[in-house]
>>> print(open('model15.tsv').read())   # TSV, C-alpha atoms
chain	number	residue	atom	x	y	z
A	1	MET	CA	136.83	24.84	81.04
A	2	LEU	CA	133.83	23.71	83.07
A	3	ALA	CA	131.73	23.59	79.91
A	4	LEU	CA	134.34	21.28	78.37
A	5	LEU	CA	134.10	18.95	81.35
A	6	VAL	CA	130.31	18.87	81.43
A	7	LEU	CA	129.94	18.30	77.69
A	8	ALA	CA	132.53	15.54	77.43
A	9	ALA	CA	131.68	13.80	80.70
A	10	ARG	CA	127.91	13.74	80.46
A	11	ASP	CA	127.71	9.94	80.13
A	12	PRO	CA	128.06	8.38	83.60
A	13	LEU	CA	128.92	4.98	82.09
A	14	GLY	CA	131.35	6.25	79.53
A	15	PHE	CA	134.47	8.43	79.71
A	16	GLY	CA	136.30	6.14	77.34
A	17	ASP	CA	139.28	4.60	79.10
A	18	PHE	CA	138.41	5.90	82.56
A	19	ARG	CA	135.82	3.24	83.20
A	20	ALA	CA	138.20	0.38	82.33
A	21	GLU	CA	141.49	1.79	83.61
A	22	ALA	CA	141.09	4.24	86.48
A	23	TRP	CA	137.65	3.56	87.93
A	24	PRO	CA	138.47	0.08	89.37
A	25	ALA	CA	141.32	1.62	91.39
A	26	TYR	CA	139.20	4.52	92.60
A	27	ALA	CA	136.34	2.15	93.45
A	28	ALA	CA	138.69	0.03	95.56
A	29	LEU	CA	139.87	3.13	97.42
A	30	GLN	CA	136.34	4.34	98.03
A	31	GLY	CA	135.53	0.91	99.41
A	32	GLY	CA	138.31	1.21	101.99
A	33	ASP	CA	140.94	-0.85	100.16
A	34	VAL	CA	143.87	1.57	100.15
A	35	GLY	CA	146.28	-1.02	98.74
A	36	GLY	CA	143.83	-1.71	95.93
A	37	LEU	CA	144.41	1.78	94.58
A	38	LEU	CA	147.91	0.87	93.40
A	39	ALA	CA	147.20	-2.79	92.75
A	40	ARG	CA	144.50	-1.85	90.23
A	41	SER	CA	145.96	1.40	88.88
A	42	PRO	CA	147.02	1.76	85.23
A	43	ALA	CA	150.50	2.93	84.21
A	44	TYR	CA	149.66	6.51	85.19
A	45	SER	CA	149.18	5.48	88.83
A	46	GLY	CA	150.97	8.60	90.04
A	47	PHE	CA	148.04	10.74	88.95
A	48	LEU	CA	145.59	8.47	90.75
A	49	VAL	CA	147.60	8.89	93.94
A	50	LEU	CA	147.52	12.67	93.52
A	51	ALA	CA	143.79	12.68	92.84
A	52	SER	CA	142.92	10.11	95.53
A	53	PRO	CA	141.72	12.69	98.12
A	54	LEU	CA	139.14	13.94	95.63
A	55	ALA	CA	138.05	10.37	94.89
A	56	VAL	CA	137.70	9.62	98.60
A	57	LEU	CA	135.62	12.76	99.11
A	58	ILE	CA	133.30	11.87	96.26
A	59	GLY	CA	132.94	8.33	97.58
A	60	ALA	CA	132.06	9.64	101.03
A	61	LEU	CA	129.36	11.80	99.44
A	62	GLY	CA	127.92	8.77	97.65
A	63	GLY	CA	129.12	9.66	94.17
A	64	GLY	CA	129.77	7.06	91.50
A	65	PRO	CA	132.04	6.91	88.46
A	66	ALA	CA	130.62	10.05	86.83
A	67	ALA	CA	131.13	12.22	89.89
A	68	THR	CA	134.55	10.70	90.54
A	69	PHE	CA	135.72	11.41	87.02
A	70	ARG	CA	134.49	15.01	87.11
A	71	ALA	CA	136.11	15.63	90.49
A	72	THR	CA	139.46	14.14	89.56
A	73	ALA	CA	139.46	16.11	86.30
A	74	LEU	CA	139.27	19.43	88.18
A	75	PRO	CA	143.05	19.75	88.84
A	76	GLY	CA	143.74	19.39	85.13
A	77	LEU	CA	141.09	21.94	84.25
A	78	ILE	CA	142.54	24.37	86.78
A	79	ALA	CA	145.99	23.89	85.25
A	80	LEU	CA	144.53	24.41	81.78
A	81	ALA	CA	142.87	27.62	82.99
A	82	ALA	CA	146.21	28.77	84.46
A	83	LEU	CA	147.84	28.23	81.08
A	84	ALA	CA	145.05	30.23	79.44
A	85	LEU	CA	145.75	33.10	81.84
A	86	ALA	CA	149.48	32.95	81.10
A	87	LEU	CA	148.86	33.07	77.35
A	88	GLY	CA	146.02	35.58	77.55
A	89	ARG	CA	148.19	38.18	79.26
A	90	ARG	CA	150.62	38.15	76.34
A	91	GLY	CA	148.56	37.25	73.32
A	92	GLY	CA	144.99	38.20	74.15
A	93	TRP	CA	142.09	36.04	75.25
A	94	ALA	CA	141.10	35.02	71.73
A	95	ALA	CA	144.57	33.55	71.25
A	96	ALA	CA	144.45	31.79	74.62
A	97	LEU	CA	141.07	30.23	73.90
A	98	ALA	CA	142.24	29.08	70.48
A	99	VAL	CA	144.91	27.03	72.28
A	100	VAL	CA	143.24	25.66	75.42
A	101	ALA	CA	139.69	25.22	74.13
A	102	SER	CA	140.65	23.21	71.05
A	103	PRO	CA	138.80	20.06	69.95
A	104	VAL	CA	141.74	18.01	71.24
A	105	ALA	CA	141.03	19.17	74.81
A	106	TYR	CA	137.49	17.89	74.37
A	107	GLU	CA	138.88	14.58	73.11
A	108	VAL	CA	141.05	14.20	76.20
A	109	VAL	CA	138.01	14.41	78.46
A	110	ARG	CA	135.85	12.31	76.15
A	111	TRP	CA	138.45	9.54	76.21
A	112	GLY	CA	138.51	9.72	80.01
A	113	HIS	CA	142.10	10.85	80.54
A	114	ALA	CA	141.98	13.60	83.13
A	115	GLU	CA	145.64	13.00	83.86
A	116	ASP	CA	146.58	14.24	80.40
A	117	LEU	CA	144.92	17.57	81.08
A	118	LEU	CA	147.11	18.08	84.14
A	119	ALA	CA	150.33	16.70	82.66
A	120	ALA	CA	150.10	18.65	79.40
A	121	SER	CA	149.22	21.96	81.05
A	122	ALA	CA	151.82	21.60	83.81
A	123	ALA	CA	154.57	20.63	81.35
A	124	VAL	CA	154.02	23.73	79.20
A	125	LEU	CA	153.68	25.93	82.28
A	126	ALA	CA	156.99	24.50	83.55
A	127	VAL	CA	158.82	25.64	80.43
A	128	LEU	CA	157.10	29.04	80.57
A	129	ALA	CA	158.15	29.42	84.21
A	130	ALA	CA	161.75	28.49	83.40
A	131	ARG	CA	161.69	30.92	80.49
A	132	ASP	CA	160.54	33.67	82.88
A	133	GLY	CA	163.32	32.92	85.37
A	134	ARG	CA	161.18	31.09	87.97
A	135	GLY	CA	163.24	27.95	88.50
A	136	LEU	CA	161.49	26.69	91.64
A	137	ALA	CA	158.05	27.01	90.07
A	138	SER	CA	159.30	25.32	86.93
A	139	GLY	CA	160.72	22.38	88.89
A	140	ALA	CA	157.52	21.92	90.88
A	141	LEU	CA	155.36	22.05	87.76
A	142	LEU	CA	157.59	19.66	85.87
A	143	ALA	CA	157.55	17.18	88.76
A	144	LEU	CA	153.75	17.41	88.87
A	145	ALA	CA	153.56	16.78	85.13
A	146	ILE	CA	155.89	13.76	85.24
A	147	VAL	CA	154.07	12.13	88.14
A	148	SER	CA	150.76	12.67	86.37
A	149	LYS	CA	151.83	11.19	83.00
A	150	GLN	CA	155.30	9.97	82.26
A	151	TRP	CA	155.61	11.31	78.71
A	152	ALA	CA	155.99	14.73	80.40
A	153	VAL	CA	159.67	13.87	80.93
A	154	LEU	CA	160.09	15.19	77.38
A	155	ALA	CA	159.69	18.70	78.84
A	156	LEU	CA	162.83	18.36	80.97
A	157	GLY	CA	165.25	19.33	78.19
A	158	PRO	CA	163.23	22.38	77.07
A	159	ALA	CA	162.82	23.53	80.69
A	160	LEU	CA	166.57	23.29	81.33
A	161	LEU	CA	167.22	25.03	78.03
A	162	ALA	CA	164.86	27.84	78.99
A	163	ALA	CA	166.35	28.36	82.46
A	164	ARG	CA	169.04	31.00	82.60
A	165	GLU	CA	170.08	29.98	86.11
A	166	ARG	CA	169.09	27.68	89.01
A	167	ARG	CA	168.82	24.66	86.76
A	168	LEU	CA	169.18	22.37	89.78
A	169	ALA	CA	165.85	23.73	91.01
A	170	ILE	CA	164.34	22.11	87.91
A	171	LEU	CA	166.47	19.01	87.69
A	172	ILE	CA	166.13	17.83	91.32
A	173	PRO	CA	162.29	17.83	91.48
A	174	ALA	CA	162.15	16.16	88.07
A	175	ALA	CA	164.55	13.44	89.21
A	176	ALA	CA	162.51	12.93	92.39
A	177	ALA	CA	159.35	12.58	90.31
A	178	LEU	CA	161.00	10.01	88.06
A	179	ALA	CA	162.18	8.10	91.14
A	180	ALA	CA	158.62	8.06	92.49
A	181	VAL	CA	157.31	6.76	89.18
A	182	ALA	CA	160.00	4.08	89.12
A	183	ALA	CA	159.08	3.01	92.65
A	184	LEU	CA	155.43	2.65	91.68
A	185	ALA	CA	156.39	0.69	88.57
A	186	LEU	CA	158.63	-1.68	90.54
A	187	ALA	CA	155.88	-2.26	93.09
A	188	HIS	CA	153.40	-3.31	90.40
A	189	PRO	CA	155.35	-4.00	87.18
A	190	GLU	CA	152.45	-5.72	85.43
A	191	ARG	CA	150.33	-2.55	85.79
A	192	HIS	CA	153.09	-0.33	84.42
A	193	ALA	CA	154.23	-2.34	81.41
A	194	ALA	CA	152.79	0.26	79.03
A	195	LEU	CA	155.50	2.70	80.09
A	196	THR	CA	158.02	0.84	77.93
A	197	ASP	CA	155.91	-1.60	75.92
A	198	ALA	CA	153.44	-0.59	73.21
A	199	SER	CA	152.22	-4.13	72.53
A	200	GLY	CA	148.75	-4.46	71.08
A	201	ALA	CA	148.69	-0.87	69.85
A	202	PHE	CA	148.92	0.06	66.19
A	203	THR	CA	147.04	2.93	64.60
A	204	ALA	CA	147.35	4.43	61.13
A	205	THR	CA	148.36	7.89	62.36
A	206	GLN	CA	152.04	7.19	63.06
A	207	LEU	CA	155.29	6.70	61.17
A	208	TRP	CA	155.54	2.95	61.74
A	209	TRP	CA	152.32	2.21	59.85
A	210	PRO	CA	153.93	1.26	56.49
A	211	VAL	CA	156.18	-1.40	58.09
A	212	GLY	CA	153.32	-3.07	59.94
A	213	ALA	CA	153.06	-4.25	63.54
A	214	HIS	CA	156.04	-6.29	64.73
A	215	GLY	CA	157.25	-7.56	68.09
A	216	TRP	CA	160.49	-5.59	67.94
A	217	LEU	CA	158.52	-2.38	67.59
A	218	ASP	CA	156.53	-2.95	70.78
A	219	ALA	CA	159.60	-2.63	72.98
A	220	LEU	CA	161.39	-0.01	70.84
A	221	ALA	CA	158.95	2.83	70.27
A	222	HIS	CA	158.48	4.29	73.76
A	223	PRO	CA	162.17	4.16	74.80
A	224	LEU	CA	163.12	5.64	71.41
A	225	ILE	CA	160.85	8.65	71.96
A	226	VAL	CA	162.54	9.42	75.27
A	227	ALA	CA	166.04	8.67	73.95
A	228	LEU	CA	165.68	11.16	71.10
A	229	ALA	CA	164.87	13.97	73.52
A	230	LEU	CA	168.44	14.18	74.88
A	231	PRO	CA	170.39	14.65	71.62
A	232	LEU	CA	167.73	16.98	70.24
A	233	SER	CA	167.89	19.09	73.40
A	234	VAL	CA	171.69	19.26	73.16
A	235	LEU	CA	171.48	20.28	69.50
A	236	ALA	CA	168.81	22.85	70.33
A	237	ARG	CA	171.04	24.39	73.00
A	238	ARG	CA	173.94	24.70	70.58
A	239	ALA	CA	171.69	26.24	67.92
A	240	GLY	CA	170.03	28.70	70.30
A	241	THR	CA	166.62	27.18	69.63
A	242	GLU	CA	163.60	28.67	71.37
A	243	PRO	CA	162.69	26.19	74.18
A	244	LEU	CA	158.97	26.29	73.41
A	245	ARG	CA	159.68	25.32	69.81
A	246	LEU	CA	161.79	22.41	71.02
A	247	LEU	CA	158.97	21.36	73.35
A	248	ALA	CA	156.47	21.37	70.49
A	249	LEU	CA	158.89	19.39	68.31
A	250	LEU	CA	159.39	16.71	70.97
A	251	PHE	CA	155.66	16.38	71.56
A	252	LEU	CA	155.07	16.04	67.82
A	253	LEU	CA	157.72	13.32	67.60
A	254	ARG	CA	156.00	11.54	70.47
A	255	CYS	CA	152.83	11.40	68.37
A	256	LEU	CA	154.60	10.36	65.18
A	257	LEU	CA	156.64	7.58	66.82
A	258	ASP	CA	154.02	6.11	69.16
A	259	PRO	CA	152.30	3.07	67.60
A	260	TRP	CA	149.19	3.93	69.62
A	261	ASN	CA	148.89	7.53	68.49
A	262	VAL	CA	145.28	8.73	68.81
A	263	SER	CA	143.60	12.13	68.79
A	264	TYR	CA	144.00	13.05	72.46
A	265	TYR	CA	147.76	12.40	72.36
A	266	HIS	CA	148.05	15.74	70.58
A	267	LEU	CA	147.00	17.92	73.51
A	268	PRO	CA	150.61	18.48	74.71
A	269	LEU	CA	151.59	19.38	71.13
A	270	VAL	CA	148.72	21.84	70.74
A	271	LEU	CA	149.45	23.55	74.08
A	272	ALA	CA	153.21	23.75	73.46
A	273	LEU	CA	152.77	24.93	69.88
A	274	GLY	CA	150.24	27.53	70.97
A	275	ALA	CA	152.53	28.77	73.73
A	276	TYR	CA	155.36	29.05	71.21
A	277	GLU	CA	153.26	31.06	68.77
A	278	VAL	CA	151.86	33.37	71.44
A	279	ARG	CA	154.84	33.86	73.75
A	280	ALA	CA	157.89	33.46	71.49
A	281	ARG	CA	156.64	34.56	68.09
A	282	ARG	CA	154.06	37.01	69.44
A	283	GLY	CA	151.42	36.07	66.93
A	284	PHE	CA	148.02	34.41	66.83
A	285	PRO	CA	148.32	30.61	67.29
A	286	TRP	CA	147.09	29.64	63.85
A	287	ALA	CA	149.19	26.48	63.70
A	288	ALA	CA	148.02	25.28	67.13
A	289	ALA	CA	144.39	25.96	66.25
A	290	ALA	CA	144.76	24.03	62.99
A	291	VAL	CA	146.48	21.07	64.65
A	292	GLY	CA	143.74	20.90	67.27
A	293	VAL	CA	141.21	20.35	64.49
A	294	LEU	CA	143.29	18.19	62.17
A	295	ALA	CA	144.31	15.77	64.92
A	296	VAL	CA	140.65	14.96	65.48
A	297	LEU	CA	139.57	14.81	61.84
A	298	THR	CA	142.41	12.80	60.24
A	299	THR	CA	142.45	9.07	60.87
A	300	GLY	CA	144.28	7.70	57.80
A	301	PHE	CA	148.04	7.46	57.31
A	302	GLY	CA	148.24	9.64	54.20
A	303	ALA	CA	145.96	12.38	55.50
A	304	TYR	CA	147.80	12.50	58.82
A	305	MET	CA	151.26	12.66	57.28
A	306	ALA	CA	150.09	15.39	54.89
A	307	TRP	CA	150.05	17.87	57.77
A	308	ALA	CA	152.22	16.22	60.46
A	309	LEU	CA	155.40	15.97	58.36
A	310	PRO	CA	155.28	19.60	57.14
A	311	LEU	CA	154.72	20.68	60.74
A	312	LEU	CA	157.73	18.59	61.79
A	313	ALA	CA	159.87	20.28	59.13
A	314	TRP	CA	158.55	23.73	60.12
A	315	LEU	CA	159.51	23.18	63.75
A	316	ALA	CA	162.83	21.46	63.06
A	317	LEU	CA	164.08	23.92	60.44
A	318	GLY	CA	163.42	27.08	62.37
A	319	ALA	CA	159.72	27.94	62.22
A	320	PRO	CA	160.25	31.34	60.50
A	321	PRO	CA	157.79	34.01	61.67
A	322	LEU	CA	154.34	34.14	60.17
A	323	PRO	CA	153.24	37.55	58.87
A	324	SER	CA	151.65	39.47	61.73
A	325	ALA	CA	151.56	43.01	63.02
A	326	ALA	CA	153.12	41.93	66.29
A	327	CYS	CA	156.04	40.26	64.51
A	328	ALA	CA	156.54	43.33	62.34
A	329	VAL	CA	156.70	45.58	65.39
A	330	GLN	CA	159.14	43.24	67.11
A	331	THR	CA	161.35	43.07	64.01
A	332	SER	CA	161.48	46.84	63.60
A	333	ALA	CA	162.23	47.38	67.28
A	334	ALA	CA	165.03	44.81	67.55
A	335	PRO	CA	166.76	42.90	64.74
A	336	ARG	CA	166.22	39.17	64.90
A	337	SER	CA	169.23	37.02	65.81
A	338	SER	CA	170.31	34.54	63.19
A	339	ARG	CA	170.36	31.93	65.97
A	340	SER	CA	166.57	32.09	66.30
A	341	THR	CA	166.07	30.42	62.95
A	342	SER	CA	168.82	27.86	63.20
A	343	THR	CA	168.06	24.26	62.49
A	344	ILE	CA	167.95	21.82	65.40
>>> encode(input="model15.tsv", output="structure tokens")
Amino acid sequence: MLALLVLAARDPLGFGDFRAEAWPAYAALQGGDVGGLLARSPAYSGFLVLASPLAVLIGALGGGPAATFRATALPGLIALAALALALGRRGGWAAALAVVASPVAYEVVRWGHAEDLLAASAAVLAVLAARDGRGLASGALLALAIVSKQWAVLALGPALLAARERRLAILIPAAAALAAVAALALAHPERHAALTDASGAFTATQLWWPVGAHGWLDALAHPLIVALALPLSVLARRAGTEPLRLLALLFLLRCLLDPWNVSYYHLPLVLALGAYEVRARRGFPWAAAAVGVLAVLTTGFGAYMAWALPLLAWLALGAPPLPSAACAVQTSAAPRSSRSTSTI
């Protein structure tokens, strides 16, 4: 994890979006302007608030943008390491590394989005915790993920689906996190417009590409992604869908439906898909490893859809088990339920 940070953050004037989006807010805070932290924060201001003590410490030590970025990326790297431990205990360390050390994780750091490291790892850990019957831990992790990056709200349905009891322990912290995000957005609406508006963003690696950029799409795409999560979660509950599979499906839809879909957007998908393969299907995360590479290499519409749409169908239609020794052992020990391969 530390090697990932050092390699991707070696340019003190770079870090992609960090220099333009987060650094002005951190610089204001380090200069003693506490109000400037929120006034200059991007839409993911919640993460900057969480990471502000680290930024203040680095400023007091005389560090600049490079040191600030590395310090504020540490919580996300710790969360990523925690996910690796959770997966390594069940699937082996080779499987865990195939998930968390993918090229997409490198892209997240290279683009300067430390908040995505924390949000993606915490969201997947929240569903794993709920799946293991730890409702309080799941709620805390989900709240942390939502405050860090708001797309993490997509994990709420899978976490509630995974919880066998104490669902309020998940729902209440998540609602509190959403309320905190809403308060920050209302305080500085111009800085948080990207939460609901995708204006100015239009890449080739998303479903809207053939229709072209239009004004109606700018205000539709982000709310649509969140709106789809509720009915899909309800359908998944009725079908007995594995929560980790639902989580991967929702994160894939987020990529496909976001007009500004770029390589690092796929980190939540890779982590959720890898967790599903390791924890639920008890196999090596071949699909997650492949997506981690393909998301970086494919930039055209046709090439992207050539693997994204089959993956969508695989997740939506039941993701039947890949051949593996572990799956064979599981099948012989206990017959599979027909509900596990139901369509969403």
>>> closest_atom_pairs(input="model15.tsv", of="region 74-130 of chain A", to="region 225-247 of chain A", cutoff="9 Å", atoms="all atoms listed in the file", output="JSON lines")
{"residue": "A:Val124", "atom": "CA", "partner": "A:Leu247", "partner_atom": "CA", "distance": 8.0}
{"residue": "A:Val127", "atom": "CA", "partner": "A:Leu244", "partner_atom": "CA", "distance": 7.1}
{"residue": "A:Leu128", "atom": "CA", "partner": "A:Leu244", "partner_atom": "CA", "distance": 7.9}
>>> closest_residue(input="model15.tsv", among="A:Ala51, A:Ala280, A:Leu315, A:Ala288", to="Asp132 (chain A)", atoms="all atoms listed in the file")
A:Ala280
>>> residues_around(input="model15.tsv", residues="Cys255 (chain A)", least_positions_apart="5", cutoff="12 Å", atoms="only C-alpha atoms", output="VMD selection string")
chain A and resid 151 203 to 208 221 to 222 225 248 to 250 260 to 270 295 304 to 305 308 to 309 312
>>> closest_residue(input="model15.tsv", among="A:Ala306, A:Leu48, A:Ala272, A:Ala140", to="Ala96 (chain A)", atoms="all atoms listed in the file")
A:Ala272
>>> atom_distance(input="model15.tsv", atom1="CA of Pro103 (chain A)", atom2="CA of Ala162 (chain A)")
28.7 Å
>>> closest_residue(input="model15.tsv", among="A:Leu271, A:Leu253, A:Arg19, A:Leu160", to="Trp111 (chain A)", atoms="all atoms listed in the file")
A:Arg19
>>> atom_distance(input="model15.tsv", atom1="CA of Ala119 (chain A)", atom2="CA of Pro310 (chain A)")
26.2 Å
>>> closest_residue(input="model15.tsv", among="A:Leu118, A:Tyr26, A:Val99, A:Ala84", to="Gly63 (chain A)", atoms="only C-alpha atoms")
A:Tyr26
>>> atom_distance(input="model15.tsv", atom1="CA of Leu252 (chain A)", atom2="CA of Ala86 (chain A)")
22.2 Å
>>> residues_around(input="model15.tsv", residues="Ser45 (chain A)", least_positions_apart="5", cutoff="8 Å", atoms="all atoms listed in the file", output="list in words")
Leu38, Ser148 and Leu184 of chain A
>>> write_last_selection(input="model15.tsv", atoms="C-alpha atoms", output="CSV table (one decimal), keeping the file's coordinate frame")
chain,number,residue,atom,x,y,z
A,38,LEU,CA,147.9,0.9,93.4
A,148,SER,CA,150.8,12.7,86.4
A,184,LEU,CA,155.4,2.6,91.7
>>> residues_around(input="model15.tsv", residues="His188 (chain A)", least_positions_apart="3", cutoff="9 Å", atoms="all atoms listed in the file", output="number ranges by chain")
A: 38-39, 41, 183-185, 191-192
>>> decode(input="model15.tsv", residues="region 18-81 of chain A", atoms="C-alpha atoms", output="short mmCIF file (atom, residue, chain, number, x, y, z; two decimals), in the first residue's frame")
data_model
loop_
_atom_site.label_atom_id
_atom_site.label_comp_id
_atom_site.auth_asym_id
_atom_site.auth_seq_id
_atom_site.Cartn_x
_atom_site.Cartn_y
_atom_site.Cartn_z
CA PHE A 18 -5.82 17.15 -5.94
CA ARG A 19 -3.89 20.24 -6.88
CA ALA A 20 -6.93 21.98 -8.39
CA GLU A 21 -9.69 20.70 -6.11
CA ALA A 22 -8.48 19.82 -2.61
CA TRP A 23 -5.20 21.66 -2.18
CA PRO A 24 -6.68 25.21 -2.13
CA ALA A 25 -8.91 24.21 0.79
CA TYR A 26 -6.08 22.53 2.68
CA ALA A 27 -3.79 25.50 2.00
CA ALA A 28 -6.39 27.87 3.46
CA LEU A 29 -6.66 25.71 6.57
CA GLN A 30 -2.90 25.52 6.99
CA GLY A 31 -2.80 29.30 6.73
CA GLY A 32 -5.21 29.65 9.65
CA ASP A 33 -8.39 30.23 7.63
CA VAL A 34 -10.67 27.56 9.10
CA GLY A 35 -13.72 28.83 7.22
CA GLY A 36 -11.74 28.67 3.99
CA LEU A 37 -11.61 24.89 4.27
CA LEU A 38 -15.31 24.57 3.45
CA ALA A 39 -15.53 27.66 1.28
CA ARG A 40 -12.90 26.23 -1.08
CA SER A 41 -13.66 22.51 -0.75
CA PRO A 42 -14.91 20.44 -3.69
CA ALA A 43 -18.10 18.35 -3.54
CA TYR A 44 -16.37 15.75 -1.38
CA SER A 45 -15.84 18.30 1.40
CA GLY A 46 -16.74 15.74 4.05
CA PHE A 47 -13.49 13.89 3.42
CA LEU A 48 -11.50 17.11 3.70
CA VAL A 49 -13.08 17.75 7.09
CA LEU A 50 -12.16 14.23 8.21
CA ALA A 51 -8.60 14.59 6.96
CA SER A 52 -8.13 18.18 8.19
CA PRO A 53 -6.16 17.21 11.35
CA LEU A 54 -3.57 15.50 9.17
CA ALA A 55 -3.41 18.53 6.88
CA VAL A 56 -2.94 20.85 9.86
CA LEU A 57 -0.15 18.65 11.21
CA ILE A 58 1.66 18.63 7.89
CA GLY A 59 1.28 22.40 7.60
CA ALA A 60 2.73 22.87 11.07
CA LEU A 61 5.72 20.76 10.04
CA GLY A 62 6.26 22.92 6.97
CA GLY A 63 5.01 20.43 4.40
CA GLY A 64 3.56 21.48 1.06
CA PRO A 65 1.07 19.91 -1.33
CA ALA A 66 3.05 16.68 -1.79
CA ALA A 67 3.31 15.98 1.92
CA THR A 68 -0.30 17.00 2.49
CA PHE A 69 -1.56 14.65 -0.19
CA ARG A 70 0.47 11.72 1.12
CA ALA A 71 -0.66 12.33 4.69
CA THR A 72 -4.34 12.66 3.83
CA ALA A 73 -4.15 9.52 1.70
CA LEU A 74 -3.04 7.42 4.68
CA PRO A 75 -6.57 6.75 6.06
CA GLY A 76 -7.63 5.36 2.70
CA LEU A 77 -4.53 3.18 2.46
CA ILE A 78 -5.16 1.86 5.96
CA ALA A 79 -8.75 1.02 5.00
CA LEU A 80 -7.50 -0.67 1.83
CA ALA A 81 -5.04 -2.70 3.91
#
